[in-house]
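Input: a single structure, listed below in structure tokens.
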Number of protein chains: 2
Amino acid sequence: MKAPQLSYTEENYLKAIYSLSERNESFDTATTEIADRIKTKPPTVSDMLRKLTEKKLVSYEKYKRVQLTKAGRQVAILIIRKHRLWEVFLHDKLGFAWDEVHEVAEQLEHIQSEELILRLEKFLGFPKYDPHGDPIPSANGELSQAKRTILSEVEEGKTCQVVGVKDSSTLFLQYLQQINVGIGTRIKVIDKIPFDGSLKISLRKNEELSVSKKFSDNVLVTC
Amino acid sequence: MKAPQLSYTEENYLKAIYSLSERNESFDTATTEIADRIKTKPPTVSDMLRKLTEKKLVSYEKYKRVQLTKAGRQVAILIIRKHRLWEVFLHDKLGFAWDEVHEVAEQLEHIQSEELILRLEKFLGFPKYDPHGDPIPSANGELSQAKRTILSEVEEGKTCQVVGVKDSSTLFLQYLQQINVGIGTRIKVIDKIPFDGSLKISLRKNEELSVSKKFSDNVLVTC
DNA sequence: AATAATTGTTAGATAACTCTAACTTAGGAG
DNA sequence: CTCCTAAGTTAGAGTTATCTAACAATTATT
């Protein structure tokens, strides 16, 4: 099942609709939101939505909100896959800082060659996350995992689950064992102390404790 | 001195004009040649030539042949630089065969980011030649070296100069020393024996000798 | 040198993507 | 429940890159 070769522009619309749709439960988005994201004007979006509807990539009725169809979502996810793999390349191999990679990846994501992406993925060692912690979809368009961040970036009141560590020194791992934190442990962030960046967290049943910024910077979690 | 951001298409025309112009002493080319190369029709080329003339990238008069201006040549060379660096990446790092790299590099060469290319070049170890033996221009647009090939691909009657070896085993290097062939040695190909691919060559003053296919496959030359 | 053949250009049209200005619809405030 | 505002759409036009068909210039041939 070959995708029928979309234009650079169409790809960008699908990607934008995808990310905007992810933000609410009904998985839809509004015309002006898309216009803002793509940096165009609403009429341009209207036109494109008509076109994408004809191609069965979005489901859409005039004056209503847009949703991706299954096919449209598949396309969007594959573009995101390419984008994130290129980000890993730019960061890991070329040494770009994580906040410098986006703009260039935005261009690279439109290069057409399945073979290229498969080989790039292999070359990078089949990474699961990009430099921002966002998960990389698989070649068949599966995107299971949630975004991964460091504990120190979780908002107050939210609960997350430990998926790994950044620092894998013996000292740190021993400390984790001591306070009984491992892969899968659920952590709720009770309070953030702005002064030193330390956190008050709760593990399981009301077991409250305080951890330093250094600690929370090195624990990888999923929300 | 920033180049004023050319379109994907304009870049392709400049590159085409560059390669076609390299093939004769007057460094110019004809409209239909460009049309064939770009896979468009002559009228399209005429239009584009008018546009590129206005931008001072080509010098051109109606019904005459086209030449690149200094600025145009500079742009073309920088695109070729990008193209060849990407080819090295695809071949050396991703393991594409040397005849598979062109198509994808054709897309990658239009990615806009000087920083990207500088870092890519460094990552690749500042290569001097692409997988086809074509020289890679430097960041300031200098393209000194000539194409490099293996001795076995030099045509009968032509003279070339040794620039390196592919095989650097002691045995091979000893053999080279014995027959007094080193960097800079001029070799004229007198005859090619189709049966086993061996060559009759002459070094300096009429010193004729015969070398095997294995030998000539491992000597890198410039014509 | 005159003319035929080749090569190149203009004219007019089309497709993709964009815009501004004017109009329409949907949904919330009174 | 009406009416207004915000959101969305049509209409009409511009840009870039392309085409075919018709015309013009150059070059090659006799």
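In the structure tokens, the first chain shown is A, the next is B, and so on; residue numbers restart at 1 for each chain, and ligands run from 1 in the order shown.
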Do me a favour and pick out the residues of chain A within 10 Å of chain C, using only C-alpha atoms (C1' of nucleotides), as a list in words.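 Close to chain C, chain A has Ser7, Thr9, Thr40, Lys41, Pro43, Thr44, Asp47, Met48, Lys62, Tyr63 and Lys64 of chain A.
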Could you tell me which residues of chain D sit within 9 Å of chain B when counting only C-alpha atoms (C1' of nucleotides), and give me the result as a compact mmCIF listing (two decimals) with C-alpha atoms (C1' of nucleotides), in the first residue's frame?
# COMPACT_ATOMS: atom_id res chain seq x y z
C1' DA D 17 6.66 26.73 -12.57
C1' DT D 18 5.01 24.20 -16.07
C1' DC D 19 2.87 22.99 -20.76
C1' DA D 25 16.17 33.43 -35.49
C1' DT D 26 20.34 30.81 -36.35
Hey, which bits of chain A sit within 10 Å of chain B, and for each residue what's the closest pair of atoms and how far apart in Å (one decimal), counting only C-alpha atoms, rows by chain and increasing number, as a tab-separated table?
residue	atom	partner	partner_atom	distance
A:Leu90	CA	B:Leu116	CA	8.2
A:Lys93	CA	B:Phe123	CA	7.3
A:Leu94	CA	B:Arg119	CA	5.8
A:Gly95	CA	B:Arg119	CA	7.9
A:Phe96	CA	B:Arg119	CA	8.6
A:Val101	CA	B:Leu116	CA	9.7
A:Glu103	CA	B:Ser113	CA	9.2
A:Val104	CA	B:Ser113	CA	7.1
A:Ala105	CA	B:Ile111	CA	9.6
A:Glu106	CA	B:Ile111	CA	9.8
A:Gln107	CA	B:Ile111	CA	6.4
A:Leu108	CA	B:Ile111	CA	7.0
A:His110	CA	B:Gln107	CA	9.2
A:Ile111	CA	B:Gln107	CA	6.4
A:Gln112	CA	B:Val104	CA	7.6
A:Ser113	CA	B:Val104	CA	7.1
A:Glu115	CA	B:Phe96	CA	9.4
A:Leu116	CA	B:Val104	CA	7.9
A:Ile117	CA	B:Leu94	CA	9.8
A:Leu118	CA	B:Leu94	CA	9.5
A:Arg119	CA	B:Leu94	CA	5.8
A:Leu120	CA	B:Leu94	CA	6.4
A:Glu121	CA	B:Leu94	CA	9.5
A:Lys122	CA	B:Leu94	CA	8.4
A:Phe123	CA	B:Leu94	CA	6.4
A:Leu124	CA	B:Leu94	CA	9.7
Based on DSSP run over this structure's backbone, return all residues of segment 40-149 of chain A in strand (DSSP E), as a VMD selection string. chain A and resid 58 to 59 67 to 68 148 to 149
Residue neighbourhood Asp217 of chain A, 10 Å, only C-alpha atoms (C1' of nucleotides), exclusion window fewer than 6 positions, as a list in words: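 Counting only C-alpha atoms (C1' of nucleotides), the residues come to Thr149, Ile150, Leu151, Ser152, Glu153, Val165, Lys166, Asp167, Gly197 and Ser198 of chain A.
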Do you know which residues are at most 7 Å from segment 78-84 of chain A counting only C-alpha atoms (C1' of nucleotides), after dropping those on the same chain fewer than 2 positions away, and could you put them as number ranges by chain? A: 74-76, 86-88, 105-106, 108-109, 117, 130, 136-137, 141
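You will find atom CA of Lys147 of chain A at 25.9 Å from atom CA of Arg65 of chain A.
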What does the distance between atom CA of Ala35 of chain A and atom CA of Ala71 of chain A come to in Å, to one decimal place?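 Between atom CA of Ala35 of chain A and atom CA of Ala71 of chain A the gap is 21.9 Å.
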